[in-house]
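Report on one structure; see the data block that follows.
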Amino acid sequence: MPLKISRRGFLKGSALTAGALSLGTLGALDFRTWAKTNAAAPVRRVPTICNGCGNRCGLFAYVKNGRIWRIEGNPEANGNRGVLCPKGHGYLHDLYNPNRIRSPLKRVDGKFQPISWEQAYQEIAQKINLILMENGPESVFWVNYPQPNHAYALRFMHSLGSPHYFTHGSTCYTARNAAWNHTVGKLPSNDLANSRYILVIGRNPAGGVDLGQVKDIVRARENGAKLIVVDPRHSETAILADEWLPIKPGTDLALLLAMINVMVAERLYDARFVKENTVGFEQLEDEIINYPPQWAEKVCDIPAATIVRITREICRAKPHALIHRGYHGAIGAQYLNSFQTARALAIANALLGNINRKGGIYFAQSAGLGELQPTHPIPAGPAGPKADGTGIPGRYPLGSYGDGISHAIPELALRGILKCGFVYHHNPLRTNPNPKRVIAGYKKLDLLVVIDPVLSETASIAHYVLPASFYLETDEAVDTKHSGKRAQVSIQQKAIEPLFDSRSGFQIICDLAKHLGSARFFNFTLDEANELRLKPLGASLKELRAKGVLAVGPSWKEGIGKLETPSGKVEIASATLEGLGYPAIPRWQEPLVSPDPKDLHAFRLIHGKQAMHTHAMTANQPYLMAISRRYDLIRLWINRSRAEKLSLKDGDMVEIKSLVGEGKIRVKLTEGLHPSCVWLPSGYGVFSKHLTTAYDQGLSYNDFLPTLFDPTVGHAMSSEVIVQVRKV
Amino acid sequence: MARYGMVIDETKCVGCYACRVACQNQNNLAEDEAYNYLEEREFGQFPLFTRVFLPVQCQHCDNPPCVTVCPTGASHKRKDGIVLVTEKDCIGCKYCIAACPYHVRIIRKQGYVEKCRFCVEFVEEGGKPACMTTCMTGVRLFGDLDDPASEIAQYIARNRHRLRPYKGEMNTKPRIFYRKA
């Protein structure tokens with residue numbers, strides 16, 4: 001392995017100045033000594049955006065003697081408003097992680113050899129040209145966890161003639177998005193700060209961190225708002241709540257149907273809003289009588305009286321009341337009924353009359369970035385559909401064509417439909433369900449190119465690995481992640497020179513395209529592209545560079561206009577869905593699998609984020625992993641009374657087994673979890689030996705999940721798995 | 001002369017540990033060195049259950065046992081109330097570590113004892129401690145207890161009955177006041 005390098009040797013090879021080098025390993029130097037020694041050294045402040053997760057929080061990086069010292073939240077950035085989470089602070093140290101790749105790598109006889117960028121590009125291009133000739137452009141794909149440069153990755157695929165650009169969406173949020181799209185026309189945001197009553201179902205912004213949302217919740221609570229958290233686990237958000245309602249996992253739909261039942265039966269809904277702005281209410285009235293709270297109590301374990309009470313409370317606070325629009329938990333990509341649950345959630349909000357209202361659900365302002373035409377032509381889109389079946393009646397008609405179904409890639413590779421893939425800022429071997437199957441699929445590819453700063457699980461089996469620069473080392477494409485009540489543009493900027501022979505994602509995309517004969521679609525520099533993107537917004541790149549984020553365009557206004565649905569209104573009943581053979585009105589649907597209540601060892605395996613980890617990406621970061629170890633966080637949560645029936649004590653080792661995987665882990669006994677499930681924190685279970693801090697620490701829920709595709713959008717149904725838990 | 005102090009609202013801590021890592025960066029600490037920690041406590045039985053995180057760091061006591069026991073005077077209390085360790089005077093005997101009832105002092109890899117310094121370099125320039133400014137729920141308030149216009153003084157005036165010192169029975173007279181759940 002060419003990557004083994006001591007911390008001292010690594011620092012010597014880095015971009016430190018001679019003065020700093022004489023101090024030895026800066027990492028172990030006390031700040032005061034460092035500050036004293038470097039008193040004359042100026043501190044440089046560079047505005048940029050974090051890459052510790054997908055929120056891309058605005059921050060200032062403080063650079064001293066060529067080294068990142070610390071970071072601080074940018075108060076102007078709408079998404080985080082001056083604060084940062086542990087991942088942001090910890091992840092910056094990955095810049096100096098000795099596991100980083102130092103040059104392009106080629107796998108020869110199972111071992112990686114360093115090669116030059118030019119050799120890598122030429123060999124990749126040669127192999128792709130052969131694949132294109134033999135199998136056509138549809139056999140090539142790109143999959144990424146979207147970065148601000150995703151438009152260029154899409155452009156690259158289209159320039160080759162391939163429709164196969166994928167995101168991680170099918171393992172994350174596609175059911176939620178489809179449901180909101182089919183109800184109000186697009187995915188809305190939450191006006192939490194101005195809400196009087198906040199009901200959060202399955203979302204945990206204090207753990208799967210959304211800093212702006214948590215700040216808003218705290219502000220609303222200080223102004224007297226009530227916060228109710230419905231979650232099988234006592235989540236980090238539940239800590240802030242007035243009430244925690246532990247629901248039986250997979251049954252959130254029953255709760256929502258019963259709440260709608262109460263709203264209709266007791267005439268608590270916003271009748272004027274319903275009359276003026278919705279279609280299909282009569283059909284809802286007819287069907288919803290099937291779901292009284294007494295029925296829901298038996299299904300979801302929340303008492304009927306509680307369901308009636310919270311429904312009355314939230315309706316009293318309407319329209320400045322909301323049910324959180326949700327993310328992954330419950331409605332994103334978890335259960336067979338996630339799509340219907342998300343539909344019910346959207347409809348319940350509409351009955352509160354809160355759509356695009358202050359304190360309710362609102363449509364965030366969007367920054368319409370400029371295109372590169374006419375100066376830079378855009379390739380014609382590919383003719384054919386995606387091989388995964390998104391958007392095709394009879395397959396996954398409600399699936400997101402834009403996201404694709406990325407956890408279908410291994411299946412499509414095994415069937416010989418996909419032959420060549422690029423994986424960028426993504427690690428499907430660890431983050432997709434059923435890793436044995438994923439490994440088999442990705443190994444079947446004739447060519448796998450991975451763009452990553454480290455040898456992740458996926459990079460470890462690639463034919464070529466291209467070292468992506470760390471976010472603090474490069475500029476990137478302009479982003480719009482911080483848009484809210486006003487649209488915002490933000491930018492990732494270089495804070496220090498790259499430590500190794502790495503390149504930015506933007507540059508790698510352009511370089512690859514140029515080597516594959518698509519230079520005419522990539523005849524621009526990053527600055528030119530960014531200028532053109534900002535042009536219609538009237539924002540200057542110079543000002544954006546100075547501030548890191550800029551507000552653009554008009555402010556949000558309350559009120560509902562014509563929606564982007566077929567009827568132009570909120571579709572309580574959807575003719576589109578009915579036409580495709582789905583119920584027009586949400587109906588109760590059992591989860592795909594449920595644990596046998598008579599089997600003491602059977603549990604549903606659910607998962608969620610801890611605030612200090614993002615997917616499997618941060619487990620290799622020593623500062624973040626030190627928290628997991630110090631506070632014993634790498635454990636499986638189990639309800640105390642269930643655990644005692646298995647003679648388990650806190651900290652005991654158990655074996656977990658499903659149809660597709662098994663593993664051993666220690667347990668945390670708690671009263672804060674529904675007895676029908678066990679909860680595994682996501683973010684652990686790294687099995688790449690090249691990630692020395694994270695390797696072999698804990699388990700991932702993906703180890704136990706079969707490969708599943710829900711029949712509406714094709715999502716992964718990542719909580720539809722029953723495991724057997726036994727003491728070892 | 002300012003008299004610095006802090007309020008920690010333990011009803012707001014969600015246990016994210018951002019304060020730990022922000023402090024580590026600020027003070028250039030290694031990954032296993034920390035000047036603050038969280039104590040998690042669970043209450044009740046399913047389904048009537050809740051939990052609380054208690055953030056703990058140097059309490060900058062007005063009656064600091066660490067200063068009393070320090071044989072060299074390295075541990076000292078400034079006029080503004082901040083308790084500091086003079087690195088060059090510390091002989092690493094760890095007496096202060098044993099004496100501190102809050103278990104917030106660590107021996108650094110370089111051999112001397114250190115702990116939360118209320119980010120004194122920032123504070124002297126009008127800034128706030130890093131643990132406070134990074135917090136998503138605003139758990140901490142820091143400022144001059146003697147300045148009636150300061151946010152912290154006003155907060156204390158409004159919430160006096162809800163505030164308590166941590167381990168007050170030790171008679172350490174902490175400068176950190178906890179708002180209890």
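Chains: A, B, ... in order of the structure tokens. Residues: from 1 per chain. Ligands: from 1, in order shown.
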
Requested in this report: Please identify all polymer residues within 12 Å of Val308 (chain A), counting only C-alpha atoms, omitting same-chain residues fewer than 5 positions from it, and present them as a list of chain:residue names.
Outcome: A:Leu255, A:Leu256, A:Leu257, A:Ala258, A:Met259, A:Ile260, A:Asn261, A:Val262, A:Met263, A:Val264, A:Ala265, A:Glu266, A:Leu268, A:Pro292, A:Pro293, A:Gln294, A:Ala296, A:Glu297, A:Ile302, A:Pro303, A:Glu313, A:Ile314, A:Cys315

Keeping N, CA, C and O atoms for every residue in the selection just given, could you write it to a file as a CSV table (one decimal), in the first residue's frame?
```csv
chain,number,residue,atom,x,y,z
A,255,LEU,N,-52.0,6.7,12.5
A,255,LEU,CA,-52.1,7.9,13.3
A,255,LEU,C,-52.6,9.0,12.5
A,255,LEU,O,-53.6,9.7,12.9
A,256,LEU,N,-52.1,9.2,11.3
A,256,LEU,CA,-52.5,10.4,10.4
A,256,LEU,C,-53.9,10.2,9.9
A,256,LEU,O,-54.7,11.1,9.9
A,257,LEU,N,-54.3,8.9,9.6
A,257,LEU,CA,-55.6,8.7,9.1
A,257,LEU,C,-56.6,9.0,10.2
A,257,LEU,O,-57.7,9.6,10.0
A,258,ALA,N,-56.3,8.6,11.5
A,258,ALA,CA,-57.2,8.9,12.6
A,258,ALA,C,-57.3,10.3,12.9
A,258,ALA,O,-58.3,10.9,13.2
A,259,MET,N,-56.1,11.0,12.8
A,259,MET,CA,-56.2,12.5,13.0
A,259,MET,C,-57.1,13.2,11.9
A,259,MET,O,-57.9,14.0,12.3
A,260,ILE,N,-57.0,12.7,10.7
A,260,ILE,CA,-57.9,13.3,9.6
A,260,ILE,C,-59.3,12.9,10.0
A,260,ILE,O,-60.2,13.7,9.8
A,261,ASN,N,-59.5,11.7,10.4
A,261,ASN,CA,-60.9,11.3,10.8
A,261,ASN,C,-61.5,12.2,11.9
A,261,ASN,O,-62.6,12.7,11.7
A,262,VAL,N,-60.7,12.6,12.9
A,262,VAL,CA,-61.2,13.5,13.9
A,262,VAL,C,-61.4,14.9,13.3
A,262,VAL,O,-62.4,15.5,13.6
A,263,MET,N,-60.5,15.3,12.5
A,263,MET,CA,-60.7,16.7,11.9
A,263,MET,C,-62.0,16.7,11.1
A,263,MET,O,-62.7,17.7,11.2
A,264,VAL,N,-62.3,15.7,10.4
A,264,VAL,CA,-63.5,15.6,9.6
A,264,VAL,C,-64.7,15.4,10.4
A,264,VAL,O,-65.7,16.2,10.3
A,265,ALA,N,-64.7,14.5,11.3
A,265,ALA,CA,-65.8,14.1,12.2
A,265,ALA,C,-66.2,15.3,13.1
A,265,ALA,O,-67.4,15.6,13.2
A,266,GLU,N,-65.2,16.0,13.6
A,266,GLU,CA,-65.6,17.1,14.5
A,266,GLU,C,-65.5,18.5,13.8
A,266,GLU,O,-65.6,19.5,14.4
A,268,LEU,N,-63.2,20.2,12.4
A,268,LEU,CA,-62.1,21.0,13.0
A,268,LEU,C,-61.2,21.6,11.9
A,268,LEU,O,-60.4,22.5,12.1
A,292,PRO,N,-61.4,5.4,12.7
A,292,PRO,CA,-61.6,6.2,13.9
A,292,PRO,C,-60.3,6.0,14.8
A,292,PRO,O,-59.6,5.0,14.7
A,293,PRO,N,-60.1,6.9,15.8
A,293,PRO,CA,-59.0,6.8,16.7
A,293,PRO,C,-58.9,5.5,17.5
A,293,PRO,O,-57.9,5.0,17.8
A,294,GLN,N,-60.1,4.9,17.8
A,294,GLN,CA,-60.1,3.6,18.5
A,294,GLN,C,-59.5,2.5,17.6
A,294,GLN,O,-58.8,1.6,18.2
A,296,ALA,N,-57.1,3.2,15.3
A,296,ALA,CA,-55.7,3.5,15.2
A,296,ALA,C,-54.9,3.1,16.4
A,296,ALA,O,-53.8,2.7,16.4
A,297,GLU,N,-55.6,3.3,17.6
A,297,GLU,CA,-54.9,2.9,18.8
A,297,GLU,C,-54.4,1.5,18.8
A,297,GLU,O,-53.3,1.2,19.2
A,302,ILE,N,-50.8,4.4,20.0
A,302,ILE,CA,-51.0,5.7,20.6
A,302,ILE,C,-52.4,5.8,21.1
A,302,ILE,O,-53.3,5.5,20.2
A,303,PRO,N,-52.7,6.1,22.3
A,303,PRO,CA,-54.1,6.0,22.8
A,303,PRO,C,-55.0,6.9,22.0
A,303,PRO,O,-54.7,8.0,21.6
A,313,GLU,N,-55.9,20.0,19.6
A,313,GLU,CA,-55.0,21.1,19.9
A,313,GLU,C,-54.4,21.7,18.6
A,313,GLU,O,-54.3,22.9,18.5
A,314,ILE,N,-54.0,20.9,17.7
A,314,ILE,CA,-53.3,21.4,16.5
A,314,ILE,C,-54.3,22.2,15.7
A,314,ILE,O,-54.0,23.2,15.0
A,315,CYS,N,-55.6,21.8,15.7
A,315,CYS,CA,-56.6,22.5,14.9
A,315,CYS,C,-56.9,23.8,15.5
A,315,CYS,O,-57.3,24.8,14.9
```

Query - Non-local contacts of Leu92 (chain A) (9 Å; only C-alpha atoms; under 5 positions in same chain excluded) as a PyMOL selection string - result: chain A and resi 50-52+68+70-71+87+470-472

With N, CA, C and O atoms kept, could you save the residues just selected as an mmCIF file, in the first residue's frame?
```cif
data_model
loop_
_atom_site.group_PDB
_atom_site.id
_atom_site.type_symbol
_atom_site.label_atom_id
_atom_site.label_comp_id
_atom_site.auth_asym_id
_atom_site.auth_seq_id
_atom_site.Cartn_x
_atom_site.Cartn_y
_atom_site.Cartn_z
ATOM 1 N N CYS A 50 -19.670 24.125 4.368
ATOM 2 C CA CYS A 50 -19.238 22.854 4.949
ATOM 3 C C CYS A 50 -19.583 21.708 3.998
ATOM 4 O O CYS A 50 -20.489 21.808 3.194
ATOM 5 N N ASN A 51 -18.839 20.603 4.120
ATOM 6 C CA ASN A 51 -19.237 19.407 3.365
ATOM 7 C C ASN A 51 -19.358 18.197 4.280
ATOM 8 O O ASN A 51 -19.200 17.065 3.846
ATOM 9 N N GLY A 52 -19.665 18.468 5.558
ATOM 10 C CA GLY A 52 -19.818 17.366 6.508
ATOM 11 C C GLY A 52 -21.138 16.624 6.341
ATOM 12 O O GLY A 52 -21.323 15.547 6.883
ATOM 13 N N ILE A 68 -5.656 24.850 8.584
ATOM 14 C CA ILE A 68 -6.978 25.219 9.097
ATOM 15 C C ILE A 68 -6.927 25.118 10.617
ATOM 16 O O ILE A 68 -6.576 24.087 11.173
ATOM 17 N N ARG A 70 -9.671 26.556 12.837
ATOM 18 C CA ARG A 70 -11.010 26.276 13.329
ATOM 19 C C ARG A 70 -12.022 26.825 12.336
ATOM 20 O O ARG A 70 -11.637 27.541 11.392
ATOM 21 N N ILE A 71 -13.284 26.512 12.550
ATOM 22 C CA ILE A 71 -14.338 27.070 11.716
ATOM 23 C C ILE A 71 -15.439 27.635 12.610
ATOM 24 O O ILE A 71 -15.529 27.295 13.786
ATOM 25 N N LYS A 87 -20.319 17.579 13.433
ATOM 26 C CA LYS A 87 -19.754 17.025 12.198
ATOM 27 C C LYS A 87 -18.921 18.075 11.484
ATOM 28 O O LYS A 87 -17.836 17.789 10.983
ATOM 29 N N PHE A 470 -10.349 17.756 -0.926
ATOM 30 C CA PHE A 470 -11.187 18.011 0.241
ATOM 31 C C PHE A 470 -11.858 19.369 0.051
ATOM 32 O O PHE A 470 -11.312 20.256 -0.599
ATOM 33 N N TYR A 471 -13.030 19.538 0.655
ATOM 34 C CA TYR A 471 -13.800 20.756 0.359
ATOM 35 C C TYR A 471 -13.054 22.042 0.693
ATOM 36 O O TYR A 471 -13.292 23.079 0.080
ATOM 37 N N LEU A 472 -12.138 21.980 1.657
ATOM 38 C CA LEU A 472 -11.417 23.203 2.036
ATOM 39 C C LEU A 472 -10.270 23.523 1.063
ATOM 40 O O LEU A 472 -9.592 24.525 1.209
#
```

With only C-alpha atoms counted and 9 Å as the cut-off, give the residues of chain B in contact with chain A, each with its shortest interatomic distance in Å and the pair that gives it, as CSV.
```
residue,atom,partner,partner_atom,distance
B:Thr11,CA,A:Leu240,CA,7.3
B:Lys12,CA,A:Leu240,CA,6.3
B:Cys13,CA,A:Ile239,CA,7.9
B:Val14,CA,A:Glu236,CA,5.3
B:Gly15,CA,A:Glu236,CA,7.2
B:Cys16,CA,A:Ala611,CA,5.1
B:Tyr17,CA,A:Pro86,CA,5.8
B:Ala18,CA,A:Pro86,CA,3.8
B:Cys19,CA,A:Pro86,CA,7.4
B:Arg20,CA,A:Pro86,CA,7.7
B:Val21,CA,A:His89,CA,5.8
B:Ala22,CA,A:His89,CA,5.8
B:Gln24,CA,A:Tyr623,CA,8.8
B:Asn25,CA,A:Arg70,CA,5.4
B:Gln26,CA,A:Arg70,CA,6.2
B:Asn27,CA,A:Phe31,CA,5.1
B:Asn28,CA,A:Phe31,CA,5.1
B:Leu29,CA,A:Asp30,CA,6.9
B:Ala30,CA,A:Ala28,CA,6.4
B:Glu31,CA,A:Tyr623,CA,4.5
B:Asp32,CA,A:Ala626,CA,6.1
B:Leu38,CA,A:Tyr631,CA,8.8
B:Glu42,CA,A:Glu671,CA,8.2
B:Phe43,CA,A:Glu671,CA,8.5
B:Gly44,CA,A:Glu671,CA,7.4
B:Gln45,CA,A:Glu671,CA,5.4
B:Phe46,CA,A:Glu671,CA,4.8
B:Pro47,CA,A:Pro246,CA,6.5
B:Leu48,CA,A:Trp244,CA,8.0
B:Phe49,CA,A:Gly672,CA,6.2
B:Thr50,CA,A:Ile239,CA,6.8
B:Arg51,CA,A:Ile239,CA,6.5
B:Val52,CA,A:Ile239,CA,7.0
B:Phe53,CA,A:Ile239,CA,8.9
B:Arg108,CA,A:Asp30,CA,8.8
B:Lys109,CA,A:Ala28,CA,7.8
B:Gln110,CA,A:Asp30,CA,8.3
B:Ala130,CA,A:Glu72,CA,8.6
B:Thr133,CA,A:Val83,CA,6.5
B:Thr134,CA,A:Val83,CA,4.4
B:Cys135,CA,A:Val83,CA,6.0
B:Met136,CA,A:Leu211,CA,5.9
B:Thr137,CA,A:Lys215,CA,5.8
B:Gly138,CA,A:Lys215,CA,8.2
```

Query raised in the report: What lies within 12 Å of Arg107 (chain A) using only C-alpha atoms, ignoring chain neighbours under 2 positions off, as a PyMOL selection string?
Result: chain A and resi 1+104-105+109-115+120+447-450+455+459-466

Query - Members of region 90-177 of chain B assigned helix (DSSP H, G or I) by DSSP, as a PyMOL selection string - result: chain B and resi 95-99+120-124+130-133+151-162+168-170

How about saving the chosen residues, C-alpha atoms kept, as a short mmCIF file (atom, residue, chain, number, x, y, z; two decimals), in the first residue's frame?
```
data_model
loop_
_atom_site.label_atom_id
_atom_site.label_comp_id
_atom_site.auth_asym_id
_atom_site.auth_seq_id
_atom_site.Cartn_x
_atom_site.Cartn_y
_atom_site.Cartn_z
CA TYR B 95 -3.49 17.37 42.86
CA CYS B 96 -6.00 19.79 41.29
CA ILE B 97 -7.48 16.99 39.18
CA ALA B 98 -8.17 15.02 42.33
CA ALA B 99 -9.55 18.05 44.16
CA VAL B 120 -10.20 34.02 27.47
CA GLU B 121 -8.39 35.30 24.35
CA PHE B 122 -11.77 35.73 22.62
CA VAL B 123 -13.44 37.19 25.66
CA GLU B 124 -10.73 39.81 26.10
CA ALA B 130 -16.70 28.68 21.27
CA CYS B 131 -18.96 26.22 23.14
CA MET B 132 -21.60 28.91 23.33
CA THR B 133 -21.45 30.33 19.81
CA GLU B 151 -27.94 39.43 28.47
CA ILE B 152 -26.72 37.05 31.15
CA ALA B 153 -27.40 39.47 34.02
CA GLN B 154 -30.91 40.08 32.74
CA TYR B 155 -31.50 36.38 32.25
CA ILE B 156 -30.38 35.67 35.81
CA ALA B 157 -32.60 38.43 37.15
CA ARG B 158 -35.62 36.93 35.37
CA ASN B 159 -34.88 33.29 36.17
CA ARG B 160 -33.14 33.42 39.53
CA HIS B 161 -35.58 30.94 41.11
CA ARG B 162 -34.90 28.38 38.39
CA GLY B 168 -23.65 23.37 45.28
CA GLU B 169 -23.25 21.31 48.45
CA MET B 170 -19.49 21.29 47.81
#
```

Report task. List the neighbours of Glu138 (chain A) out to 12 Å using only C-alpha atoms; skip same-chain residues closer than 6 positions along the sequence, and give me the result as a ChimeraX atom specification. Result -> /A:128,131-132,157-165,382-388,412-413,416-421

Query - In region 8-178 of chain B, DSSP strand (DSSP E) residues written as a PyMOL selection string - result: chain B and resi 8-9+36-45+48-57+75-77+83-85+106-107+113-114+140-144+163-164+176-178
